[in-house]
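See below for structure35.csv, which holds CSV, C-alpha atoms.
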```csv
chain,number,residue,atom,x,y,z
A,1298,MET,CA,-1.0,31.8,-20.5
A,1299,ASP,CA,-2.3,30.9,-17.1
A,1300,SER,CA,-0.7,28.4,-14.8
A,1301,THR,CA,-3.0,25.5,-15.8
A,1302,TRP,CA,-1.7,25.7,-19.3
A,1303,ALA,CA,1.9,26.0,-18.1
A,1304,ALA,CA,1.3,22.8,-16.1
A,1305,LEU,CA,-0.1,21.0,-19.2
A,1306,TYR,CA,3.0,21.9,-21.1
A,1307,ILE,CA,5.2,20.6,-18.3
A,1308,PHE,CA,3.1,17.4,-18.4
A,1309,LEU,CA,3.7,17.0,-22.2
A,1310,LEU,CA,7.4,17.6,-22.0
A,1311,ALA,CA,7.8,15.4,-18.9
A,1312,ALA,CA,6.0,12.6,-20.7
A,1313,PHE,CA,8.4,12.8,-23.7
A,1314,THR,CA,11.4,13.0,-21.3
A,1315,GLY,CA,10.3,9.8,-19.5
A,1316,TYR,CA,9.9,8.0,-22.9
A,1317,GLU,CA,13.2,9.2,-24.2
A,1318,VAL,CA,15.2,8.4,-21.1
A,1319,ILE,CA,14.0,4.8,-21.1
A,1320,SER,CA,14.3,3.9,-24.7
A,1321,ARG,CA,17.3,1.7,-25.8
A,1322,VAL,CA,17.6,0.3,-22.3
A,1323,PRO,CA,19.2,-3.2,-22.1
A,1324,VAL,CA,16.9,-6.1,-21.0
A,1325,ILE,CA,19.1,-6.8,-17.9
A,1326,LEU,CA,18.2,-3.4,-16.5
A,1327,HIS,CA,14.4,-3.7,-16.9
A,1328,THR,CA,13.8,-4.8,-13.3
A,1329,PRO,CA,16.2,-2.4,-11.6
A,1330,LEU,CA,14.9,0.5,-13.7
A,1331,MET,CA,11.3,-0.4,-12.8
A,1332,SER,CA,12.5,-0.3,-9.2
A,1333,GLY,CA,14.3,3.0,-9.7
A,1334,SER,CA,11.3,4.6,-11.2
A,1335,ASN,CA,9.2,3.2,-8.4
A,1336,PHE,CA,11.5,5.0,-6.0
A,1337,ILE,CA,11.2,8.3,-7.9
A,1338,HIS,CA,7.4,8.4,-7.6
A,1339,GLY,CA,8.0,8.2,-3.9
A,1340,ILE,CA,8.1,12.0,-4.2
A,1341,VAL,CA,4.4,11.6,-3.5
A,1342,VAL,CA,5.5,11.8,0.1
A,1343,VAL,CA,6.0,15.6,-0.4
A,1344,GLY,CA,2.4,15.9,-1.7
A,1345,ALA,CA,1.1,14.0,1.3
A,1346,MET,CA,3.0,16.3,3.6
A,1347,VAL,CA,1.5,19.4,1.9
A,1348,VAL,CA,-2.0,17.9,2.4
A,1349,LEU,CA,-1.3,17.0,6.0
A,1350,GLY,CA,0.1,20.4,6.6
A,1351,HIS,CA,-3.2,22.0,5.6
A,1352,ALA,CA,-5.5,19.4,7.2
A,1353,GLU,CA,-7.9,20.8,9.8
A,1354,THR,CA,-10.5,18.1,10.8
A,1355,PRO,CA,-9.3,14.9,12.6
A,1356,LEU,CA,-10.5,12.9,9.5
A,1357,GLU,CA,-8.3,15.0,7.2
A,1358,GLN,CA,-5.4,14.6,9.6
A,1359,ALA,CA,-5.9,10.9,9.8
A,1360,ILE,CA,-6.0,10.4,6.0
A,1361,GLY,CA,-3.0,12.8,5.6
A,1362,PHE,CA,-1.0,11.0,8.3
A,1363,PHE,CA,-1.7,7.6,6.6
A,1364,GLY,CA,-0.7,9.1,3.2
A,1365,VAL,CA,2.6,10.4,4.6
A,1366,ILE,CA,3.4,6.9,6.0
A,1367,LEU,CA,2.6,5.3,2.7
A,1368,GLY,CA,4.6,7.9,0.7
A,1369,ALA,CA,7.6,7.6,3.0
A,1370,ALA,CA,7.5,3.8,2.7
A,1371,ASN,CA,7.4,4.1,-1.1
A,1372,ALA,CA,10.4,6.4,-1.1
A,1373,ALA,CA,12.5,4.7,1.5
A,1374,GLY,CA,11.7,1.1,0.5
A,1375,GLY,CA,12.0,2.0,-3.2
A,1376,TYR,CA,15.5,3.4,-2.6
A,1377,ALA,CA,16.7,0.5,-0.5
A,1378,VAL,CA,15.4,-2.1,-3.0
A,1379,THR,CA,16.9,-0.3,-6.0
A,1380,GLU,CA,20.3,0.1,-4.4
A,1381,ARG,CA,20.4,-3.6,-3.5
A,1382,MET,CA,19.6,-4.5,-7.1
A,1383,LEU,CA,22.2,-2.1,-8.5
A,1384,GLU,CA,24.9,-3.2,-6.1
A,1385,MET,CA,25.1,-6.5,-8.1
A,1386,PHE,CA,26.1,-4.5,-11.2
A,1387,GLU,CA,28.9,-2.7,-9.5
A,1388,ARG,CA,30.5,-5.9,-8.1
A,1389,LYS,CA,30.3,-7.6,-11.5
A,1390,PRO,CA,33.7,-7.5,-13.2
A,1391,LYS,CA,33.6,-5.7,-16.5
A,1392,GLY,CA,34.6,-8.6,-18.8
A,1393,GLY,CA,36.7,-7.8,-21.9
A,1394,GLN,CA,36.0,-4.3,-22.9
B,1487,MET,CA,11.3,31.0,1.9
B,1488,GLU,CA,8.7,29.8,-0.6
B,1489,ASN,CA,11.1,30.5,-3.5
B,1490,PHE,CA,13.8,28.6,-1.7
B,1491,VAL,CA,11.6,25.6,-1.4
B,1492,GLU,CA,10.6,25.9,-5.1
B,1493,LEU,CA,14.3,26.0,-6.0
B,1494,ILE,CA,14.8,22.8,-4.2
B,1495,TYR,CA,11.9,21.2,-6.0
B,1496,PHE,CA,13.3,22.4,-9.3
B,1497,LEU,CA,16.7,20.8,-8.5
B,1498,THR,CA,14.9,17.7,-7.4
B,1499,ALA,CA,13.1,17.3,-10.7
B,1500,PHE,CA,16.4,17.8,-12.5
B,1501,LEU,CA,18.2,15.2,-10.4
B,1502,PHE,CA,15.4,12.7,-10.8
B,1503,ILE,CA,15.6,12.9,-14.6
B,1504,LEU,CA,19.3,12.8,-14.5
B,1505,GLY,CA,19.2,9.9,-12.1
B,1506,LEU,CA,16.8,7.9,-14.2
B,1507,LYS,CA,19.0,8.5,-17.3
B,1508,ARG,CA,22.0,7.2,-15.4
B,1509,MET,CA,20.0,4.2,-14.2
B,1510,SER,CA,19.3,3.2,-17.7
B,1511,SER,CA,23.0,2.3,-18.4
B,1512,PRO,CA,24.8,-0.5,-16.4
B,1513,ASN,CA,28.0,1.5,-15.7
B,1514,THR,CA,26.3,4.5,-14.2
B,1515,ALA,CA,23.2,2.9,-12.7
B,1516,ARG,CA,24.4,2.9,-9.1
B,1517,SER,CA,25.3,6.6,-9.1
B,1518,GLY,CA,21.9,7.4,-10.7
B,1519,VAL,CA,19.9,6.1,-7.7
B,1520,VAL,CA,22.2,7.9,-5.2
B,1521,TRP,CA,21.7,11.2,-7.0
B,1522,ALA,CA,17.9,10.7,-7.0
B,1523,GLY,CA,18.1,9.7,-3.3
B,1524,VAL,CA,19.9,12.9,-2.4
B,1525,ALA,CA,17.2,14.9,-4.2
B,1526,MET,CA,14.4,13.0,-2.4
B,1527,VAL,CA,15.8,13.8,1.0
B,1528,ALA,CA,16.3,17.5,0.1
B,1529,ALA,CA,12.8,17.8,-1.2
B,1530,THR,CA,11.3,16.2,1.9
B,1531,LEU,CA,13.3,18.4,4.3
B,1532,ALA,CA,12.5,21.5,2.2
B,1533,THR,CA,8.7,20.8,2.5
B,1534,PHE,CA,8.9,21.4,6.2
B,1535,LEU,CA,9.9,25.0,5.4
B,1536,LEU,CA,6.8,25.8,3.4
B,1537,PRO,CA,4.7,28.6,4.9
B,1538,ASN,CA,1.3,28.2,6.5
B,1539,MET,CA,1.9,24.5,7.3
B,1540,HIS,CA,0.6,22.8,10.4
B,1541,ASN,CA,0.9,19.3,11.9
B,1542,GLN,CA,4.7,19.2,11.5
B,1543,LEU,CA,5.0,16.7,14.4
B,1544,LEU,CA,2.5,14.4,12.8
B,1545,MET,CA,4.5,14.6,9.6
B,1546,LEU,CA,7.7,13.8,11.3
B,1547,VAL,CA,6.2,10.8,13.1
B,1548,ALA,CA,4.6,9.5,9.9
B,1549,ILE,CA,7.9,9.8,8.0
B,1550,VAL,CA,9.9,8.0,10.7
B,1551,ILE,CA,7.4,5.2,10.8
B,1552,GLY,CA,7.1,4.7,7.1
B,1553,THR,CA,10.8,5.0,6.4
B,1554,ALA,CA,11.9,2.8,9.3
B,1555,VAL,CA,9.5,-0.1,8.5
B,1556,ALA,CA,10.1,0.0,4.7
B,1557,TRP,CA,13.9,0.4,5.0
B,1558,ILE,CA,14.3,-2.5,7.4
B,1559,ALA,CA,12.0,-4.8,5.4
B,1560,ALA,CA,13.8,-3.9,2.2
B,1561,LYS,CA,17.3,-4.6,3.7
B,1562,ARG,CA,16.2,-8.0,5.2
B,1563,VAL,CA,14.4,-9.8,2.4
B,1564,GLN,CA,16.1,-12.3,0.1
B,1565,MET,CA,17.4,-11.0,-3.2
B,1566,THR,CA,14.9,-13.4,-5.0
B,1567,ASP,CA,12.0,-11.7,-3.2
B,1568,MET,CA,12.8,-8.3,-4.7
B,1569,PRO,CA,10.0,-8.2,-7.3
B,1570,GLN,CA,7.2,-8.4,-4.6
B,1571,MET,CA,9.0,-5.7,-2.6
B,1572,VAL,CA,8.8,-3.4,-5.6
B,1573,ALA,CA,5.2,-4.3,-5.9
B,1574,ILE,CA,4.3,-3.4,-2.3
B,1575,TYR,CA,6.2,-0.1,-2.2
B,1576,ASN,CA,4.7,0.8,-5.5
B,1577,GLY,CA,1.2,0.1,-4.1
B,1578,MET,CA,2.0,2.3,-1.1
B,1579,GLY,CA,2.8,5.2,-3.5
B,1580,GLY,CA,-0.5,4.6,-5.2
B,1581,GLY,CA,-2.3,4.6,-1.8
B,1582,ALA,CA,-0.5,7.9,-0.9
B,1583,ALA,CA,-1.8,9.5,-4.1
B,1584,GLY,CA,-5.3,8.2,-3.3
B,1585,ALA,CA,-5.0,9.7,0.2
B,1586,ILE,CA,-4.0,13.1,-1.2
B,1587,ALA,CA,-7.0,13.1,-3.5
B,1588,ALA,CA,-9.3,11.9,-0.6
B,1589,VAL,CA,-8.4,14.9,1.6
B,1590,GLU,CA,-8.7,17.4,-1.3
B,1591,LEU,CA,-12.1,16.0,-2.3
B,1592,LEU,CA,-13.4,16.0,1.2
B,1593,ARG,CA,-12.4,19.6,1.7
B,1594,GLY,CA,-14.2,20.6,-1.5
B,1595,GLU,CA,-11.0,22.4,-2.3
B,1596,PHE,CA,-11.6,22.9,-6.0
B,1597,GLY,CA,-14.5,25.3,-6.1
B,1598,GLU,CA,-15.0,26.3,-9.8
B,1599,ALA,CA,-11.8,24.5,-11.0
B,1600,GLN,CA,-13.5,21.4,-12.4
B,1601,GLY,CA,-10.5,20.6,-14.5
B,1602,LEU,CA,-8.3,20.2,-11.5
B,1603,LYS,CA,-11.0,18.3,-9.7
B,1604,LEU,CA,-11.2,15.9,-12.6
B,1605,LEU,CA,-7.5,15.3,-12.5
B,1606,ALA,CA,-7.6,14.7,-8.8
B,1607,ILE,CA,-10.4,12.1,-9.3
B,1608,LEU,CA,-8.5,10.4,-12.1
B,1609,GLY,CA,-5.4,10.2,-10.0
B,1610,ALA,CA,-7.5,8.8,-7.1
B,1611,LEU,CA,-8.9,6.1,-9.4
B,1612,ILE,CA,-5.6,5.1,-10.9
B,1613,GLY,CA,-3.8,5.3,-7.6
B,1614,SER,CA,-6.4,3.2,-5.8
B,1615,VAL,CA,-6.3,0.5,-8.5
B,1616,SER,CA,-2.5,0.5,-8.3
B,1617,PHE,CA,-2.7,0.3,-4.4
B,1618,THR,CA,-4.9,-2.8,-4.1
B,1619,GLY,CA,-3.7,-4.4,-7.4
B,1620,SER,CA,-0.1,-4.2,-6.1
B,1621,LEU,CA,-1.1,-5.7,-2.8
B,1622,ILE,CA,-2.6,-8.7,-4.6
B,1623,ALA,CA,0.6,-8.9,-6.8
B,1624,PHE,CA,2.6,-8.9,-3.6
B,1625,ALA,CA,0.5,-11.6,-1.9
B,1626,LYS,CA,0.7,-13.8,-5.0
B,1627,LEU,CA,4.5,-13.6,-5.3
B,1628,GLN,CA,5.1,-13.8,-1.5
B,1629,GLY,CA,3.1,-17.0,-1.4
B,1630,LEU,CA,0.4,-15.5,0.9
B,1631,MET,CA,-2.1,-16.7,-1.7
B,1632,SER,CA,-1.8,-19.0,-4.7
B,1633,SER,CA,0.0,-17.6,-7.7
B,1634,ARG,CA,-2.4,-19.3,-10.0
B,1635,PRO,CA,-5.0,-17.3,-11.7
B,1636,VAL,CA,-8.1,-16.9,-9.5
B,1637,GLN,CA,-11.3,-17.5,-11.4
B,1638,PHE,CA,-15.0,-17.5,-10.6
B,1639,PRO,CA,-18.2,-17.6,-12.7
B,1640,ALA,CA,-19.1,-14.5,-14.7
B,1641,GLN,CA,-15.8,-13.0,-13.8
B,1642,LYS,CA,-15.5,-10.8,-16.9
B,1643,LEU,CA,-19.0,-9.4,-16.2
B,1644,VAL,CA,-18.3,-8.7,-12.5
B,1645,ASN,CA,-15.0,-7.0,-13.3
B,1646,ALA,CA,-16.4,-4.9,-16.1
B,1647,GLY,CA,-19.4,-4.0,-13.8
B,1648,VAL,CA,-17.2,-2.8,-11.0
B,1649,GLY,CA,-14.9,-0.9,-13.4
B,1650,VAL,CA,-17.8,0.9,-15.0
B,1651,GLY,CA,-19.4,1.5,-11.6
B,1652,ALA,CA,-16.1,3.1,-10.4
B,1653,LEU,CA,-16.2,5.4,-13.5
B,1654,LEU,CA,-19.8,6.4,-13.0
B,1655,LEU,CA,-19.1,7.2,-9.3
B,1656,ALA,CA,-16.1,9.2,-10.5
B,1657,VAL,CA,-18.5,11.3,-12.6
B,1658,TRP,CA,-20.9,11.6,-9.6
B,1659,VAL,CA,-18.1,12.8,-7.4
B,1660,LEU,CA,-17.0,15.3,-10.0
B,1661,PHE,CA,-20.4,16.9,-10.2
B,1662,SER,CA,-21.5,16.8,-6.6
B,1663,GLN,CA,-20.6,18.4,-3.3
B,1664,PRO,CA,-18.4,16.4,-0.9
B,1665,GLY,CA,-20.4,13.6,0.6
B,1666,PRO,CA,-20.8,9.8,0.7
B,1667,SER,CA,-20.2,9.5,-3.0
B,1668,ILE,CA,-16.5,9.9,-2.3
B,1669,LEU,CA,-16.5,6.8,0.0
B,1670,PHE,CA,-18.4,4.6,-2.5
B,1671,PHE,CA,-16.1,5.8,-5.3
B,1672,PHE,CA,-13.0,4.8,-3.4
B,1673,LEU,CA,-14.5,1.4,-2.4
B,1674,LEU,CA,-15.2,0.5,-6.0
B,1675,ALA,CA,-11.9,1.8,-7.3
B,1676,LEU,CA,-10.0,-0.2,-4.6
B,1677,GLY,CA,-12.2,-3.2,-5.4
B,1678,PHE,CA,-11.5,-3.0,-9.1
B,1679,GLY,CA,-7.7,-3.2,-8.4
B,1680,VAL,CA,-8.2,-6.5,-6.6
B,1681,LEU,CA,-10.5,-7.9,-9.2
B,1682,MET,CA,-8.3,-7.0,-12.1
B,1683,THR,CA,-5.2,-8.6,-10.6
B,1684,LEU,CA,-6.8,-11.9,-9.3
B,1685,PRO,CA,-7.1,-13.6,-12.7
B,1686,ILE,CA,-3.4,-12.9,-13.6
B,1687,GLY,CA,-0.9,-15.7,-13.0
B,1688,GLY,CA,2.4,-15.4,-11.2
B,1689,GLY,CA,4.5,-15.7,-14.3
B,1690,ASP,CA,3.0,-12.5,-15.7
B,1691,MET,CA,3.4,-10.5,-12.5
B,1692,PRO,CA,6.6,-8.6,-13.4
B,1693,VAL,CA,4.8,-7.0,-16.4
B,1694,VAL,CA,1.7,-6.2,-14.2
B,1695,ILE,CA,3.9,-4.7,-11.4
B,1696,SER,CA,5.6,-2.5,-14.1
B,1697,LEU,CA,2.1,-1.5,-15.3
B,1698,PHE,CA,1.0,-0.5,-11.8
B,1699,ASN,CA,4.3,1.3,-11.4
B,1700,ALA,CA,3.4,3.4,-14.4
B,1701,PHE,CA,-0.1,3.9,-12.9
B,1702,THR,CA,1.2,5.2,-9.6
B,1703,GLY,CA,3.5,7.5,-11.5
B,1704,LEU,CA,0.6,8.9,-13.5
B,1705,ALA,CA,-1.5,9.2,-10.3
B,1706,VAL,CA,1.3,11.1,-8.6
B,1707,GLY,CA,1.5,13.4,-11.6
B,1708,PHE,CA,-2.3,14.1,-11.5
B,1709,GLU,CA,-2.3,14.8,-7.8
B,1710,GLY,CA,0.6,17.2,-8.5
B,1711,PHE,CA,-1.8,19.1,-10.7
B,1712,ALA,CA,-4.5,19.0,-8.0
B,1713,ILE,CA,-2.3,20.5,-5.3
B,1714,GLY,CA,-0.2,22.7,-7.6
B,1715,ASN,CA,3.2,21.0,-7.0
B,1716,ALA,CA,5.5,20.9,-10.0
B,1717,ALA,CA,7.9,18.4,-8.5
B,1718,LEU,CA,5.1,15.9,-8.3
B,1719,ILE,CA,3.9,16.7,-11.8
B,1720,VAL,CA,7.4,16.2,-13.4
B,1721,ALA,CA,8.5,13.2,-11.4
B,1722,GLY,CA,5.1,11.5,-11.7
B,1723,THR,CA,4.7,12.1,-15.4
B,1724,VAL,CA,8.2,11.1,-16.2
B,1725,VAL,CA,7.7,7.8,-14.3
B,1726,GLY,CA,4.2,7.4,-15.9
B,1727,ALA,CA,5.7,7.6,-19.4
B,1728,ALA,CA,8.9,5.7,-18.7
B,1729,GLY,CA,6.9,3.0,-16.8
B,1730,THR,CA,4.5,2.6,-19.7
B,1731,LEU,CA,7.3,2.1,-22.2
B,1732,LEU,CA,9.1,-0.2,-19.7
B,1733,THR,CA,6.0,-2.3,-19.4
B,1734,LEU,CA,5.7,-2.7,-23.1
B,1735,LEU,CA,9.5,-3.6,-23.4
B,1736,MET,CA,9.2,-6.2,-20.6
B,1737,ALA,CA,6.1,-7.8,-22.2
B,1738,LYS,CA,8.0,-7.9,-25.5
B,1739,ALA,CA,11.1,-9.5,-23.8
B,1740,MET,CA,8.8,-12.2,-22.4
B,1741,ASN,CA,7.1,-12.7,-25.7
B,1742,ARG,CA,3.8,-11.6,-24.3
B,1743,SER,CA,1.5,-8.8,-25.5
B,1744,LEU,CA,0.3,-6.5,-22.7
B,1745,TRP,CA,-3.2,-7.2,-23.8
B,1746,SER,CA,-2.9,-11.0,-23.4
B,1747,VAL,CA,-1.4,-10.5,-20.0
B,1748,LEU,CA,-4.3,-8.3,-18.8
B,1749,VAL,CA,-7.1,-10.1,-20.6
B,1750,GLY,CA,-5.4,-13.4,-21.0
B,1751,GLY,CA,-6.2,-14.4,-17.5
B,1752,PHE,CA,-9.9,-14.2,-18.3
B,1753,GLY,CA,-9.5,-16.7,-21.2
B,1754,VAL,CA,-7.6,-19.3,-19.3
B,1755,GLU,CA,-10.6,-21.6,-19.3
B,1756,GLN,CA,-10.3,-22.1,-23.0
B,1757,GLU,CA,-6.5,-22.5,-22.9
B,1758,ALA,CA,-6.3,-25.0,-20.1
B,1759,GLY,CA,-7.0,-28.5,-21.3
```
Output the file's structure as structure tokens, nothing else.
Amino acid sequence: MDSTWAALYIFLLAAFTGYEVISRVPVILHTPLMSGSNFIHGIVVVGAMVVLGHAETPLEQAIGFFGVILGAANAAGGYAVTERMLEMFERKPKGGQ
Amino acid sequence: MENFVELIYFLTAFLFILGLKRMSSPNTARSGVVWAGVAMVAATLATFLLPNMHNQLLMLVAIVIGTAVAWIAAKRVQMTDMPQMVAIYNGMGGGAAGAIAAVELLRGEFGEAQGLKLLAILGALIGSVSFTGSLIAFAKLQGLMSSRPVQFPAQKLVNAGVGVGALLLAVWVLFSQPGPSILFFFLLALGFGVLMTLPIGGGDMPVVISLFNAFTGLAVGFEGFAIGNAALIVAGTVVGAAGTLLTLLMAKAMNRSLWSVLVGGFGVEQEAG
């Protein structure tokens, strides 16, 4: 089994994982969860860094630089927004358990 | 050192999934995002340690700029403006995925590996659509443009034409050497993102943003394949699947079908009376 096939198996399992993790989520958490998963794909910043790290021509460097800015904004902004949304849940008193 | 970085990526993938799981229950949600946040910082720092990397200073500057601007903006906006903030940060993630693909395609990196090239192109297509589509969603919710559906004559035809054109150019890029085809491909893909979002009204935007969120996740996963990074594959794919399900759940909670949200805008002429 070469690494492409291994990667495809990872893809398959990850897709099921994502599906299972989200099922049975209460409606009130839809938006925070959308925001949270938005933060998680901010990992794209790592990919942009790898590409910039191997860039040679000025054009490649420019696109890579732009990519890292966008990826970092996705991660940082996604985190800040999610945390602000979830703060509201923590402050809410747990009524009548 | 490379093994150390891979170990960090492995733990990152683990913490992301665990964090997402915790975020799907009200009592643990807050800790979920913190865990995922720790993983994100660790993965970013570890990437500096990868061997044979250059341009570290550029990376650092780009990270500082992107983080500072996004962080300050996210902390300052009103709570009611949060949906459009999700939209714009999601769009940026899609743009970053597109940028990764652009560099890889320009370099002609793939050689004989047509499968990887195909994934890179698909990721570029989906990421670019998510990029411009999310920007339009942001503009509509932020009041930079009217939140009403934007319509013009023969809209369906134009949209379909641009969409098919982008797909044809994707095929051209796949089977040709690096050249101008890449530029035209990206222009049409970016254009399609704008066109597909214009006819959708403000009320349906949360569902559309969630869909673009799933798009960006998938694009990140595909680019993970293209550059051989398992952390991107896992995180991107998990978000792609979770985001798709979440989109369907949101549409259901609003009593709308995803189809009527996406295509419904086109039919508003008949409904409005």
So that I can check the surroundings of range 1371-1381 of chain A, please list as a ChimeraX atom specification every protein, DNA and RNA residue that reaches within 7 Å of it, counting all atoms listed in the file and ignoring chain neighbours fewer than 5 positions away. /A:1329,1332-1333,1335-1336,1339-1340 /B:1516,1519,1523,1553,1556-1557,1560-1561,1568,1572,1575-1576,1578-1579
Find the residues around Val1747 in chain B up to 9 Å (all atoms listed in the file counted), leave out those fewer than 2 positions away in its own chain, and share them as a VMD selection string. chain B and resid 1686 to 1687 1690 to 1691 1693 to 1694 1737 1742 to 1745 1749 to 1751
Name the closest residue to Ala1532 in chain B among the candidates B:Ser1616, B:Asn1489, B:Ala1721, B:Gly1580; distances are taken between atoms, counting all atoms listed in the file. B:Asn1489
Adding 4 Å on each side of the box along x, y and z that holds all listed atoms of range 1317-1330 of chain A, could you give its centre and edge lengths in Å to one decimal, as lines of an AutoDock Vina configuration file?
```
center_x = 16.2
center_y = 1.2
center_z = -18.7
size_x = 14.0
size_y = 24.0
size_z = 22.2
```
Please check which residues have atoms at most 9 Å from (10.9, 3.6, -13.6) in the file's coordinates, counting only C-alpha atoms, and write them as number ranges by chain. A: 1315, 1319, 1327-1338; B: 1506, 1696, 1699-1700, 1703, 1724-1730, 1732
To one decimal place, how far is CA of Gln1637 in chain B from CA of Pro1685 in chain B in Å?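 CA of Pro1685 in chain B lies 5.9 Å from CA of Gln1637 in chain B.
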Neighbours of His1351 in chain A within 9 Å (only C-alpha atoms; same-chain residues fewer than 4 positions away dropped), as a list in words?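 The neighbour list is Met1346, Val1347, Glu1357 and Gln1358 of chain A; Asn1538, Met1539, His1540 and Asn1541 of chain B.
Distance-wise, CA of Val1491 in chain B and CA of Gly1710 in chain B end up 15.6 Å apart.
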Name all residues at most 9 Å from range 1714-1716 of chain B (count all atoms listed in the file; drop same-chain ones fewer than 3 positions away) and give them as a ChimeraX atom specification. /A:1304,1307,1343-1344 /B:1492,1495-1496,1499,1707,1709-1711,1719-1721
Nearest-residue call for Val1324 in chain A, choices B:Met1631, B:Ala1640, B:Gly1647, B:Lys1738, using all atoms listed in the file: B:Lys1738
Suppose you want the space between CA of Val1680 in chain B and CA of Gly1722 in chain B; what is it in Å? 23.0 Å
Tell me which of A:Leu1305, A:Ile1325, A:Leu1310, A:Ala1369 sits closest to chain B, counting only C-alpha atoms.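 Nearest to chain B: A:Ala1369.
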Set the distance at 8 Å and use all atoms listed in the file: which residues neighbour Thr1530 in chain B once local chain neighbours fewer than 3 positions away are removed? I'd like the list as a compact mmCIF listing (two decimals) with C-alpha atoms, in the coordinates of the input.
```
# COMPACT_ATOMS: atom_id res chain seq x y z
CA VAL A 1342 5.50 11.80 0.10
CA VAL A 1343 6.00 15.60 -0.40
CA MET B 1526 14.40 13.00 -2.40
CA VAL B 1527 15.80 13.80 1.00
CA THR B 1533 8.70 20.80 2.50
CA PHE B 1534 8.90 21.40 6.20
```
So, with all atoms listed in the file as the atoms that count, which of B:Leu1735, B:Thr1566, B:Pro1692, B:Leu1602 lies closest to Trp1302 in chain A?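 Closest residue, counting all atoms listed in the file: B:Leu1602.
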Using only C-alpha atoms, which of the listed residues (B:Ala1554, B:Val1657, B:Leu1734, B:Ala1583) sits closest to Ser1320 in chain A?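 Nearest candidate to Ser1320 in chain A out of B:Ala1554, B:Val1657, B:Leu1734, B:Ala1583: B:Leu1734.
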Need the neighbours of (5.0, -7.1, -3.7): which residues are at most 10 Å away, counting only C-alpha atoms, as a ChimeraX atom specification? /B:1567-1577,1619-1628,1691-1692,1695
How would range 1325-1335 of chain A read, as a PDB file, in the coordinates of the input, once N, CA, C and O atoms are built in?
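So out-v7.pdb came out as:
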```pdb
ATOM      1  N   ILE A1325      18.651  -6.453 -19.286  1.00  0.00           N
ATOM      2  CA  ILE A1325      19.100  -6.800 -17.900  1.00  0.00           C
ATOM      3  C   ILE A1325      18.756  -5.677 -16.933  1.00  0.00           C
ATOM      4  O   ILE A1325      18.648  -5.923 -15.733  1.00  0.00           O
ATOM      5  N   LEU A1326      18.533  -4.464 -17.437  1.00  0.00           N
ATOM      6  CA  LEU A1326      18.200  -3.400 -16.500  1.00  0.00           C
ATOM      7  C   LEU A1326      16.713  -3.123 -16.360  1.00  0.00           C
ATOM      8  O   LEU A1326      16.312  -2.216 -15.632  1.00  0.00           O
ATOM      9  N   HIS A1327      15.885  -3.935 -16.998  1.00  0.00           N
ATOM     10  CA  HIS A1327      14.400  -3.700 -16.900  1.00  0.00           C
ATOM     11  C   HIS A1327      13.958  -3.664 -15.464  1.00  0.00           C
ATOM     12  O   HIS A1327      13.287  -2.720 -15.039  1.00  0.00           O
ATOM     13  N   THR A1328      14.295  -4.701 -14.696  1.00  0.00           N
ATOM     14  CA  THR A1328      13.800  -4.800 -13.300  1.00  0.00           C
ATOM     15  C   THR A1328      14.379  -3.678 -12.431  1.00  0.00           C
ATOM     16  O   THR A1328      13.629  -2.997 -11.723  1.00  0.00           O
ATOM     17  N   PRO A1329      15.717  -3.466 -12.439  1.00  0.00           N
ATOM     18  CA  PRO A1329      16.200  -2.400 -11.600  1.00  0.00           C
ATOM     19  C   PRO A1329      15.648  -1.000 -12.011  1.00  0.00           C
ATOM     20  O   PRO A1329      15.388  -0.173 -11.143  1.00  0.00           O
ATOM     21  N   LEU A1330      15.400  -0.820 -13.295  1.00  0.00           N
ATOM     22  CA  LEU A1330      14.900   0.500 -13.700  1.00  0.00           C
ATOM     23  C   LEU A1330      13.407   0.616 -13.285  1.00  0.00           C
ATOM     24  O   LEU A1330      12.974   1.715 -12.904  1.00  0.00           O
ATOM     25  N   MET A1331      12.661  -0.478 -13.301  1.00  0.00           N
ATOM     26  CA  MET A1331      11.300  -0.400 -12.800  1.00  0.00           C
ATOM     27  C   MET A1331      11.360  -0.046 -11.300  1.00  0.00           C
ATOM     28  O   MET A1331      10.607   0.808 -10.828  1.00  0.00           O
ATOM     29  N   SER A1332      12.311  -0.650 -10.580  1.00  0.00           N
ATOM     30  CA  SER A1332      12.500  -0.300  -9.200  1.00  0.00           C
ATOM     31  C   SER A1332      12.897   1.108  -8.954  1.00  0.00           C
ATOM     32  O   SER A1332      12.400   1.795  -8.066  1.00  0.00           O
ATOM     33  N   GLY A1333      13.805   1.582  -9.815  1.00  0.00           N
ATOM     34  CA  GLY A1333      14.300   3.000  -9.700  1.00  0.00           C
ATOM     35  C   GLY A1333      13.176   3.969  -9.954  1.00  0.00           C
ATOM     36  O   GLY A1333      13.050   4.964  -9.232  1.00  0.00           O
ATOM     37  N   SER A1334      12.344   3.693 -10.966  1.00  0.00           N
ATOM     38  CA  SER A1334      11.300   4.600 -11.200  1.00  0.00           C
ATOM     39  C   SER A1334      10.191   4.516 -10.140  1.00  0.00           C
ATOM     40  O   SER A1334       9.527   5.500  -9.803  1.00  0.00           O
ATOM     41  N   ASN A1335      10.073   3.325  -9.544  1.00  0.00           N
ATOM     42  CA  ASN A1335       9.200   3.200  -8.400  1.00  0.00           C
ATOM     43  C   ASN A1335       9.645   4.059  -7.254  1.00  0.00           C
ATOM     44  O   ASN A1335       8.839   4.719  -6.589  1.00  0.00           O
TER      45      ASN A1335
END
```
